[in-house]
$ cat my_file-v2.cif   # mmCIF, C-alpha atoms
data_run
loop_
_atom_site.group_PDB
_atom_site.id
_atom_site.type_symbol
_atom_site.label_atom_id
_atom_site.label_comp_id
_atom_site.auth_asym_id
_atom_site.auth_seq_id
_atom_site.Cartn_x
_atom_site.Cartn_y
_atom_site.Cartn_z
ATOM 1 C CA MET M 1 49.985 187.230 -49.116
ATOM 2 C CA SER M 2 47.392 189.985 -48.772
ATOM 3 C CA MET M 3 47.575 192.730 -46.153
ATOM 4 C CA GLN M 4 44.436 191.331 -44.537
ATOM 5 C CA THR M 5 45.990 187.883 -44.123
ATOM 6 C CA LYS M 6 49.190 189.425 -42.732
ATOM 7 C CA ALA M 7 47.102 191.400 -40.247
ATOM 8 C CA SER M 8 45.273 188.211 -39.220
ATOM 9 C CA PHE M 9 48.594 186.437 -38.655
ATOM 10 C CA LYS M 10 49.767 189.334 -36.487
ATOM 11 C CA LYS M 11 46.510 189.319 -34.536
ATOM 12 C CA GLU M 12 46.735 185.568 -33.822
ATOM 13 C CA LEU M 13 50.403 185.777 -32.823
ATOM 14 C CA LEU M 14 49.823 188.714 -30.493
ATOM 15 C CA ALA M 15 46.820 186.998 -28.928
ATOM 16 C CA PHE M 16 48.795 183.781 -28.438
ATOM 17 C CA PHE M 17 51.932 185.336 -26.956
ATOM 18 C CA ARG M 18 50.740 188.487 -25.184
ATOM 19 C CA THR M 19 48.134 186.575 -23.200
ATOM 20 C CA ASN M 20 50.973 184.298 -21.999
ATOM 21 C CA LYS M 21 49.074 181.247 -23.230
ATOM 22 C CA PHE M 22 52.039 180.065 -25.255
ATOM 23 C CA LEU M 23 54.282 180.453 -22.221
ATOM 24 C CA ILE M 24 51.898 178.459 -20.018
ATOM 25 C CA ILE M 25 51.607 175.691 -22.606
ATOM 26 C CA ALA M 26 55.390 175.559 -23.028
ATOM 27 C CA ILE M 27 55.961 175.366 -19.278
ATOM 28 C CA VAL M 28 53.422 172.548 -18.885
ATOM 29 C CA ILE M 29 54.640 170.448 -21.840
ATOM 30 C CA ILE M 30 58.362 170.868 -21.242
ATOM 31 C CA GLY M 31 57.941 170.699 -17.457
ATOM 32 C CA TRP M 32 55.975 167.452 -17.678
ATOM 33 C CA SER M 33 58.553 166.032 -20.104
ATOM 34 C CA ILE M 34 61.260 166.687 -17.508
ATOM 35 C CA LEU M 35 59.192 165.520 -14.554
ATOM 36 C CA SER M 36 57.958 162.256 -16.110
ATOM 37 C CA PRO M 37 61.350 160.430 -16.121
ATOM 38 C CA LEU M 38 62.073 161.698 -12.600
ATOM 39 C CA LEU M 39 58.766 160.303 -11.359
ATOM 40 C CA LEU M 40 59.604 156.874 -12.759
ATOM 41 C CA VAL M 41 63.042 156.971 -11.143
ATOM 42 C CA GLY M 42 61.483 157.974 -7.828
ATOM 43 C CA MET M 43 58.848 155.257 -8.114
ATOM 44 C CA GLY M 44 61.536 152.645 -8.761
ATOM 45 C CA ALA M 45 63.556 153.858 -5.777
ATOM 46 C CA LEU M 46 60.468 153.788 -3.552
ATOM 47 C CA ILE M 47 59.541 150.246 -4.566
ATOM 48 C CA ASN M 48 63.152 149.162 -4.073
ATOM 49 C CA ALA M 49 63.180 150.656 -0.564
ATOM 50 C CA MET M 50 59.983 148.773 0.258
ATOM 51 C CA SER M 51 61.219 145.477 -1.210
ATOM 52 C CA PRO M 52 61.684 143.815 2.232
ATOM 53 C CA LEU M 53 58.003 144.429 2.915
ATOM 54 C CA TYR M 54 57.046 142.994 -0.448
ATOM 55 C CA ASP M 55 59.301 139.963 0.231
ATOM 56 C CA GLU M 56 57.418 139.282 3.443
ATOM 57 C CA MET M 57 54.207 139.343 1.427
ATOM 58 C CA GLY M 58 55.678 136.873 -1.037
ATOM 59 C CA MET M 59 55.892 139.380 -3.895
ATOM 60 C CA ASP M 60 58.949 139.642 -6.119
ATOM 61 C CA VAL M 61 59.310 143.249 -7.300
ATOM 62 C CA SER M 62 62.884 143.037 -8.548
ATOM 63 C CA THR M 63 61.797 142.984 -12.194
ATOM 64 C CA MET M 64 59.632 146.064 -11.694
ATOM 65 C CA THR M 65 62.398 148.011 -9.974
ATOM 66 C CA ASP M 66 64.838 147.060 -12.748
ATOM 67 C CA ILE M 67 62.403 148.353 -15.378
ATOM 68 C CA LEU M 68 61.541 151.586 -13.563
ATOM 69 C CA GLY M 69 64.975 152.519 -12.321
ATOM 70 C CA GLY M 70 67.408 150.743 -14.599
ATOM 71 C CA SER M 71 66.828 152.023 -18.127
ATOM 72 C CA ALA M 72 66.116 155.401 -19.668
ATOM 73 C CA ASN M 73 64.384 153.754 -22.608
ATOM 74 C CA MET M 74 61.011 153.206 -20.984
ATOM 75 C CA ALA M 75 61.077 156.586 -19.253
ATOM 76 C CA VAL M 76 61.519 158.544 -22.473
ATOM 77 C CA SER M 77 59.012 156.338 -24.304
ATOM 78 C CA SER M 78 56.420 156.968 -21.600
ATOM 79 C CA ALA M 79 57.094 160.716 -21.594
ATOM 80 C CA VAL M 80 56.742 160.979 -25.385
ATOM 81 C CA THR M 81 53.472 159.038 -25.298
ATOM 82 C CA ASP M 82 52.147 161.359 -22.572
ATOM 83 C CA LEU M 83 52.925 164.434 -24.688
ATOM 84 C CA ALA M 84 49.757 163.690 -26.634
ATOM 85 C CA GLY M 85 47.858 163.142 -23.384
ATOM 86 C CA THR M 86 48.591 165.691 -20.676
ATOM 87 C CA GLY M 87 50.179 168.152 -23.097
ATOM 88 C CA LEU M 88 47.290 167.939 -25.544
ATOM 89 C CA ILE M 89 44.673 168.597 -22.856
ATOM 90 C CA VAL M 90 46.391 171.794 -21.729
ATOM 91 C CA PHE M 91 47.054 172.909 -25.296
ATOM 92 C CA ILE M 92 43.463 172.465 -26.452
ATOM 93 C CA LEU M 93 41.961 174.131 -23.393
ATOM 94 C CA LEU M 94 44.202 177.187 -23.639
ATOM 95 C CA ILE M 95 43.536 177.817 -27.336
ATOM 96 C CA ASN M 96 39.763 177.659 -26.847
ATOM 97 C CA SER M 97 39.378 181.386 -27.320
ATOM 98 C CA PHE M 98 41.098 181.095 -30.715
ATOM 99 C CA ALA M 99 39.086 178.045 -31.807
ATOM 100 C CA GLY M 100 35.714 179.722 -32.132
ATOM 101 C CA GLY M 101 35.627 181.266 -28.683
ATOM 102 C CA GLU M 102 35.793 184.749 -30.178
ATOM 103 C CA GLN M 103 32.535 184.080 -32.021
ATOM 104 C CA LYS M 104 30.724 183.595 -28.730
ATOM 105 C CA LYS M 105 31.997 186.987 -27.606
ATOM 106 C CA ARG M 106 30.825 188.517 -30.907
ATOM 107 C CA ALA M 107 34.394 189.634 -31.555
ATOM 108 C CA THR M 108 34.142 188.763 -35.243
ATOM 109 C CA ILE M 109 31.030 190.788 -36.114
ATOM 110 C CA ILE M 110 32.749 194.124 -36.755
ATOM 111 C CA PRO M 111 35.722 192.603 -38.664
ATOM 112 C CA ARG M 112 33.317 190.612 -40.852
ATOM 113 C CA SER M 113 31.170 193.686 -41.469
ATOM 114 C CA SER M 114 34.331 195.490 -42.531
ATOM 115 C CA GLY M 115 35.174 192.816 -45.077
ATOM 116 C CA LEU M 116 37.171 190.160 -43.194
ATOM 117 C CA ARG M 117 37.456 187.209 -45.570
ATOM 118 C CA THR M 118 36.993 183.628 -44.409
ATOM 119 C CA PHE M 119 40.454 182.637 -45.639
ATOM 120 C CA SER M 120 42.136 185.403 -43.648
ATOM 121 C CA TYR M 121 40.189 184.392 -40.532
ATOM 122 C CA ILE M 122 40.798 180.625 -40.746
ATOM 123 C CA PHE M 123 44.183 180.146 -42.437
ATOM 124 C CA PRO M 124 46.447 181.729 -39.756
ATOM 125 C CA LYS M 125 44.871 179.551 -37.061
ATOM 126 C CA PHE M 126 45.715 176.362 -38.970
ATOM 127 C CA ILE M 127 49.334 177.480 -39.307
ATOM 128 C CA ILE M 128 50.230 179.027 -35.949
ATOM 129 C CA TYR M 129 48.658 176.674 -33.416
ATOM 130 C CA PRO M 130 49.421 173.282 -35.028
ATOM 131 C CA LEU M 131 53.036 174.318 -35.670
ATOM 132 C CA ALA M 132 53.378 175.542 -32.086
ATOM 133 C CA GLY M 133 52.146 172.162 -30.829
ATOM 134 C CA PHE M 134 54.579 170.323 -33.108
ATOM 135 C CA ALA M 135 57.574 172.403 -32.006
ATOM 136 C CA LEU M 136 56.787 172.024 -28.298
ATOM 137 C CA ALA M 137 56.343 168.247 -28.666
ATOM 138 C CA VAL M 138 59.776 167.866 -30.281
ATOM 139 C CA ILE M 139 61.378 170.084 -27.626
ATOM 140 C CA GLY M 140 59.584 168.106 -24.912
ATOM 141 C CA ALA M 141 60.882 164.807 -26.315
ATOM 142 C CA PHE M 142 64.474 166.027 -26.169
ATOM 143 C CA ALA M 143 63.887 167.501 -22.691
ATOM 144 C CA SER M 144 62.761 164.082 -21.437
ATOM 145 C CA TRP M 145 65.757 162.456 -23.111
ATOM 146 C CA GLY M 146 68.185 164.915 -21.469
ATOM 147 C CA THR M 147 66.576 164.350 -18.074
ATOM 148 C CA ALA M 148 66.696 160.559 -18.468
ATOM 149 C CA VAL M 149 70.380 160.684 -19.426
ATOM 150 C CA LEU M 150 71.132 162.434 -16.138
ATOM 151 C CA ALA M 151 68.749 160.410 -13.972
ATOM 152 C CA TYR M 152 69.405 156.872 -15.232
ATOM 153 C CA GLU M 153 72.593 154.857 -15.101
ATOM 154 C CA ILE M 154 71.884 153.151 -18.416
ATOM 155 C CA ASN M 155 71.276 155.434 -21.397
ATOM 156 C CA ASP M 156 69.960 153.124 -24.100
ATOM 157 C CA VAL M 157 67.822 155.618 -25.995
ATOM 158 C CA SER M 158 68.581 156.367 -29.629
ATOM 159 C CA LEU M 159 68.687 160.045 -30.574
ATOM 160 C CA THR M 160 67.094 159.150 -33.890
ATOM 161 C CA GLY M 161 64.282 157.415 -32.011
ATOM 162 C CA VAL M 162 63.785 160.500 -29.832
ATOM 163 C CA LEU M 163 63.645 162.774 -32.883
ATOM 164 C CA VAL M 164 61.208 160.567 -34.812
ATOM 165 C CA GLY M 165 59.108 159.835 -31.712
ATOM 166 C CA GLY M 166 58.939 163.511 -30.802
ATOM 167 C CA ALA M 167 57.974 164.392 -34.377
ATOM 168 C CA LEU M 168 55.180 161.786 -34.325
ATOM 169 C CA ALA M 169 53.923 163.150 -30.999
ATOM 170 C CA GLY M 170 54.020 166.610 -32.589
ATOM 171 C CA VAL M 171 51.988 165.424 -35.574
ATOM 172 C CA CYS M 172 49.500 163.932 -33.098
ATOM 173 C CA LEU M 173 49.130 167.340 -31.415
ATOM 174 C CA MET M 174 48.750 168.970 -34.826
ATOM 175 C CA PHE M 175 46.069 166.470 -35.828
ATOM 176 C CA TYR M 176 43.861 167.008 -32.782
ATOM 177 C CA THR M 177 44.483 170.772 -32.825
ATOM 178 C CA CYS M 178 43.229 170.977 -36.418
ATOM 179 C CA CYS M 179 40.149 168.930 -35.501
ATOM 180 C CA HIS M 180 39.532 171.274 -32.551
ATOM 181 C CA LEU M 181 39.925 174.377 -34.716
ATOM 182 C CA THR M 182 37.489 172.995 -37.281
ATOM 183 C CA MET M 183 34.759 172.012 -34.831
ATOM 184 C CA GLY M 184 35.228 175.144 -32.751
ATOM 185 C CA THR M 185 35.155 177.679 -35.575
ATOM 186 C CA ALA M 186 32.374 175.843 -37.436
ATOM 187 C CA THR M 187 30.025 175.708 -34.448
ATOM 188 C CA GLY M 188 31.232 178.657 -32.369
ATOM 189 C CA LYS M 189 31.225 176.281 -29.375
ATOM 190 C CA ALA M 190 34.866 175.930 -28.409
ATOM 191 C CA GLY M 191 34.101 174.234 -25.092
ATOM 192 C CA MET M 192 32.151 171.446 -26.744
ATOM 193 C CA SER M 193 34.846 171.017 -29.380
ATOM 194 C CA ALA M 194 37.562 170.807 -26.708
ATOM 195 C CA ALA M 195 35.611 168.174 -24.788
ATOM 196 C CA VAL M 196 35.129 166.025 -27.898
ATOM 197 C CA CYS M 197 38.791 166.232 -28.907
ATOM 198 C CA ILE M 198 40.100 165.522 -25.402
ATOM 199 C CA VAL M 199 37.825 162.503 -24.921
ATOM 200 C CA ALA M 200 38.792 161.204 -28.372
ATOM 201 C CA ALA M 201 42.514 161.676 -27.692
ATOM 202 C CA LEU M 202 42.307 159.857 -24.347
ATOM 203 C CA LEU M 203 40.011 156.993 -25.318
ATOM 204 C CA LEU M 204 40.429 156.198 -29.014
ATOM 205 C CA PRO M 205 44.132 155.156 -28.924
ATOM 206 C CA ASN M 206 43.451 152.682 -26.111
ATOM 207 C CA ILE M 207 40.312 151.387 -27.825
ATOM 208 C CA PHE M 208 42.162 150.782 -31.096
ATOM 209 C CA ALA M 209 45.044 149.159 -29.217
ATOM 210 C CA ALA M 210 42.647 146.901 -27.293
ATOM 211 C CA LEU M 211 40.987 145.859 -30.550
ATOM 212 C CA GLY M 212 44.367 144.854 -31.929
ATOM 213 C CA SER M 213 44.380 147.554 -34.594
ATOM 214 C CA ASP M 214 47.683 148.309 -36.328
ATOM 215 C CA LEU M 215 49.429 151.414 -35.048
ATOM 216 C CA VAL M 216 50.393 152.428 -38.568
ATOM 217 C CA TYR M 217 47.966 154.090 -40.989
ATOM 218 C CA ASN M 218 45.892 155.272 -38.013
ATOM 219 C CA PRO M 219 46.309 158.947 -36.969
ATOM 220 C CA PHE M 220 44.379 158.297 -33.756
ATOM 221 C CA THR M 221 47.170 156.061 -32.426
ATOM 222 C CA LEU M 222 50.061 158.390 -33.261
ATOM 223 C CA ASN M 223 50.913 158.861 -29.570
ATOM 224 C CA ILE M 224 51.316 155.107 -29.022
ATOM 225 C CA LEU M 225 53.306 154.833 -32.255
ATOM 226 C CA ALA M 226 55.571 157.640 -31.040
ATOM 227 C CA GLY M 227 56.294 155.783 -27.803
ATOM 228 C CA SER M 228 56.886 152.571 -29.751
ATOM 229 C CA VAL M 229 59.474 154.249 -31.977
ATOM 230 C CA VAL M 230 61.340 155.622 -28.965
ATOM 231 C CA ALA M 231 61.250 152.220 -27.305
ATOM 232 C CA GLU M 232 62.896 150.783 -30.441
ATOM 233 C CA GLY M 233 60.545 147.992 -31.256
ATOM 234 C CA ALA M 234 58.867 147.472 -27.887
ATOM 235 C CA LEU M 235 55.540 147.172 -29.704
ATOM 236 C CA GLY M 236 56.930 145.672 -32.892
ATOM 237 C CA GLU M 237 59.230 146.623 -35.738
ATOM 238 C CA VAL M 238 58.006 149.763 -37.483
ATOM 239 C CA GLN M 239 59.151 150.414 -41.032
ATOM 240 C CA PRO M 240 60.043 153.981 -42.108
ATOM 241 C CA LEU M 241 57.638 153.750 -45.048
ATOM 242 C CA ASP M 242 54.786 152.825 -42.686
ATOM 243 C CA ILE M 243 55.613 155.830 -40.503
ATOM 244 C CA ALA M 244 55.716 158.106 -43.546
ATOM 245 C CA MET M 245 52.347 156.805 -44.770
ATOM 246 C CA THR M 246 50.789 157.299 -41.324
ATOM 247 C CA VAL M 247 52.016 160.900 -41.211
ATOM 248 C CA ALA M 248 50.781 161.465 -44.774
ATOM 249 C CA ILE M 249 47.306 160.200 -43.842
ATOM 250 C CA ALA M 250 47.264 162.483 -40.789
ATOM 251 C CA PHE M 251 48.219 165.507 -42.912
ATOM 252 C CA ALA M 252 45.618 164.591 -45.525
ATOM 253 C CA ILE M 253 42.926 164.607 -42.840
ATOM 254 C CA MET M 254 44.228 167.957 -41.539
ATOM 255 C CA VAL M 255 43.866 169.447 -45.013
ATOM 256 C CA ILE M 256 40.350 168.020 -45.293
ATOM 257 C CA VAL M 257 39.212 169.460 -41.956
ATOM 258 C CA TYR M 258 40.742 172.819 -42.931
ATOM 259 C CA PHE M 259 38.545 172.972 -46.021
ATOM 260 C CA ILE M 260 35.577 171.860 -43.912
ATOM 261 C CA ALA M 261 36.260 174.841 -41.618
ATOM 262 C CA ILE M 262 36.388 177.164 -44.648
ATOM 263 C CA PHE M 263 33.168 175.702 -46.034
ATOM 264 C CA ALA M 264 31.371 175.986 -42.673
ATOM 265 C CA GLN M 265 32.350 179.641 -42.296
ATOM 266 C CA ASN M 266 31.204 180.481 -45.811
ATOM 267 C CA ALA M 267 27.934 178.615 -45.292
ATOM 268 C CA LYS M 268 26.960 180.616 -42.211
ATOM 269 C CA LYS M 269 28.340 183.964 -43.379
ATOM 270 C CA VAL M 270 25.629 186.587 -43.651
ATOM 271 C CA ASP M 271 25.909 189.089 -46.489
ATOM 272 C CA ASN M 272 24.917 192.427 -44.974
ATOM 273 C CA THR M 273 26.545 194.647 -47.604
ATOM 274 C CA GLY M 274 23.379 195.318 -49.625
ATOM 275 C CA ASN M 275 21.643 198.690 -49.774
ATOM 276 C CA GLU M 276 18.086 197.431 -49.804
ATOM 277 C CA THR M 277 15.867 198.403 -46.907
ATOM 278 C CA ARG M 278 13.140 196.022 -45.892
ATOM 279 C CA LEU M 279 10.070 197.328 -44.061
#

$ encode --input "my_file-v2.cif" --output "structure tokens"
Amino acid sequence: MSMQTKASFKKELLAFFRTNKFLIIAIVIIGWSILSPLLLVGMGALINAMSPLYDEMGMDVSTMTDILGGSANMAVSSAVTDLAGTGLIVFILLINSFAGGEQKKRATIIPRSSGLRTFSYIFPKFIIYPLAGFALAVIGAFASWGTAVLAYEINDVSLTGVLVGGALAGVCLMFYTCCHLTMGTATGKAGMSAAVCIVAALLLPNIFAALGSDLVYNPFTLNILAGSVVAEGALGEVQPLDIAMTVAIAFAIMVIVYFIAIFAQNAKKVDNTGNETRL
């Protein structure tokens, strides 16, 4: 690894940690993972307390209260699915300045004039931020599992399911982060890129699910697949090979968008190293 690439890695890491953006993202993702099961428990307790009122209205809510307050399975599944919803929104918004935002502030002009190579500028971004999202998603999945174990009487969640589901949620965060980095650095419009990625992450999984599309082989439904794995077949039996192929497709697309980002930077790079003077 060249000195320039090492310096770019250091710059990205310092910018990510010293601005406390990593800390804020970690607090939001892990905090939401802990809060999500507690909210479901509280909702079940509230509905149970209001059951006499519902009985007078002729509504049987016993099944709902059993689902919300009886099993940790649904709580952890819901929390893992939300990691690629609420967590992704916060993650993408807070890394805006690293996904092309610095171009708007002209912070790359002097480094480029001094010989900053496209690889050294792009490569560290596609390593640091996707891996940070993956790690926080896995930690968040286990945080929700630990909370559900304490909050629910019945602990029917498989640790293997939590690990695989958290990893799939992490790959989902990686996938959308790479797309955001590509669009942001290629256009220099991080805000527009964030909006596109957030809308896609919120709408596309539900659209594909409504159309009856398979959850496997589709990187855009990784969050739903993650919740399905945790729920142990709630949305159908998922084979390990299908999961592996889905992850492989997601990584293949990440590699493709990385090279698109490299190509876009090279295409718009202005060579101002010549000695000719034009009148």

$ residues_around --input "my_file-v2.cif" --residues "range 182-199 of chain M" --least-positions-apart "2" --cutoff "10 Å" --atoms "all atoms listed in the file" --output "PyMOL selection string"
chain M and resi 84-86+88-106+121-122+125-126+176-180+201-204+254+256-268

$ atom_distance --input "my_file-v2.cif" --atom1 "CA of Ala244 in chain M" --atom2 "CA of Ser213 in chain M"
17.9 Å

$ atom_distance --input "my_file-v2.cif" --atom1 "CA of Leu225 in chain M" --atom2 "CA of Leu150 in chain M"
25.2 Å

$ closest_residue --input "my_file-v2.cif" --among "M:Phe134, M:Val76, M:Val238, M:Asp214" --to "Val162 in chain M" --atoms "only C-alpha atoms"
M:Val76

$ atom_distance --input "my_file-v2.cif" --atom1 "CA of Ala209 in chain M" --atom2 "CA of Val80 in chain M"
17.1 Å

$ resolve_selection --input "my_file-v2.cif" --expression "the PyMOL selection byres ((chain M and resi 120) around 9)" --output "CSV table (one decimal) with C-alpha atoms, in the frame of the given file"
chain,number,residue,atom,x,y,z
M,2,SER,CA,47.4,190.0,-48.8
M,4,GLN,CA,44.4,191.3,-44.5
M,5,THR,CA,46.0,187.9,-44.1
M,6,LYS,CA,49.2,189.4,-42.7
M,7,ALA,CA,47.1,191.4,-40.2
M,8,SER,CA,45.3,188.2,-39.2
M,9,PHE,CA,48.6,186.4,-38.7
M,116,LEU,CA,37.2,190.2,-43.2
M,117,ARG,CA,37.5,187.2,-45.6
M,118,THR,CA,37.0,183.6,-44.4
M,119,PHE,CA,40.5,182.6,-45.6
M,121,TYR,CA,40.2,184.4,-40.5
M,122,ILE,CA,40.8,180.6,-40.7
M,123,PHE,CA,44.2,180.1,-42.4
M,124,PRO,CA,46.4,181.7,-39.8

$ resolve_selection --input "my_file-v2.cif" --expression "the PyMOL selection byres ((chain M and resi 39) around 12)" --output "ChimeraX atom specification"
/M:32-38,40-46,68-69,75-76,78-79,144,147-148,151-152

$ axis_aligned_box --input "my_file-v2.cif" --around "range 243-260 of chain M" --padding-each-side "4 Å" --output "AutoDock Vina command-line options"
--center_x 45.6 --center_y 164.4 --center_z -43.3 --size_x 28.1 --size_y 25.1 --size_z 13.5

$ resolve_selection --input "my_file-v2.cif" --expression "the PyMOL selection byres ((chain M and resi 218) around 12)" --output "PyMOL selection string"
chain M and resi 168+172+175+204-205+208-209+213-217+219-225+242-253

$ closest_residue --input "my_file-v2.cif" --among "M:Ile25, M:Ala200, M:Leu163, M:Ala15" --to "Gly87 in chain M" --atoms "all atoms listed in the file"
M:Ile25

$ closest_residue --input "my_file-v2.cif" --among "M:Ala137, M:Ala231, M:Ala26, M:Leu14" --to "Ala72 in chain M" --atoms "only C-alpha atoms"
M:Ala231
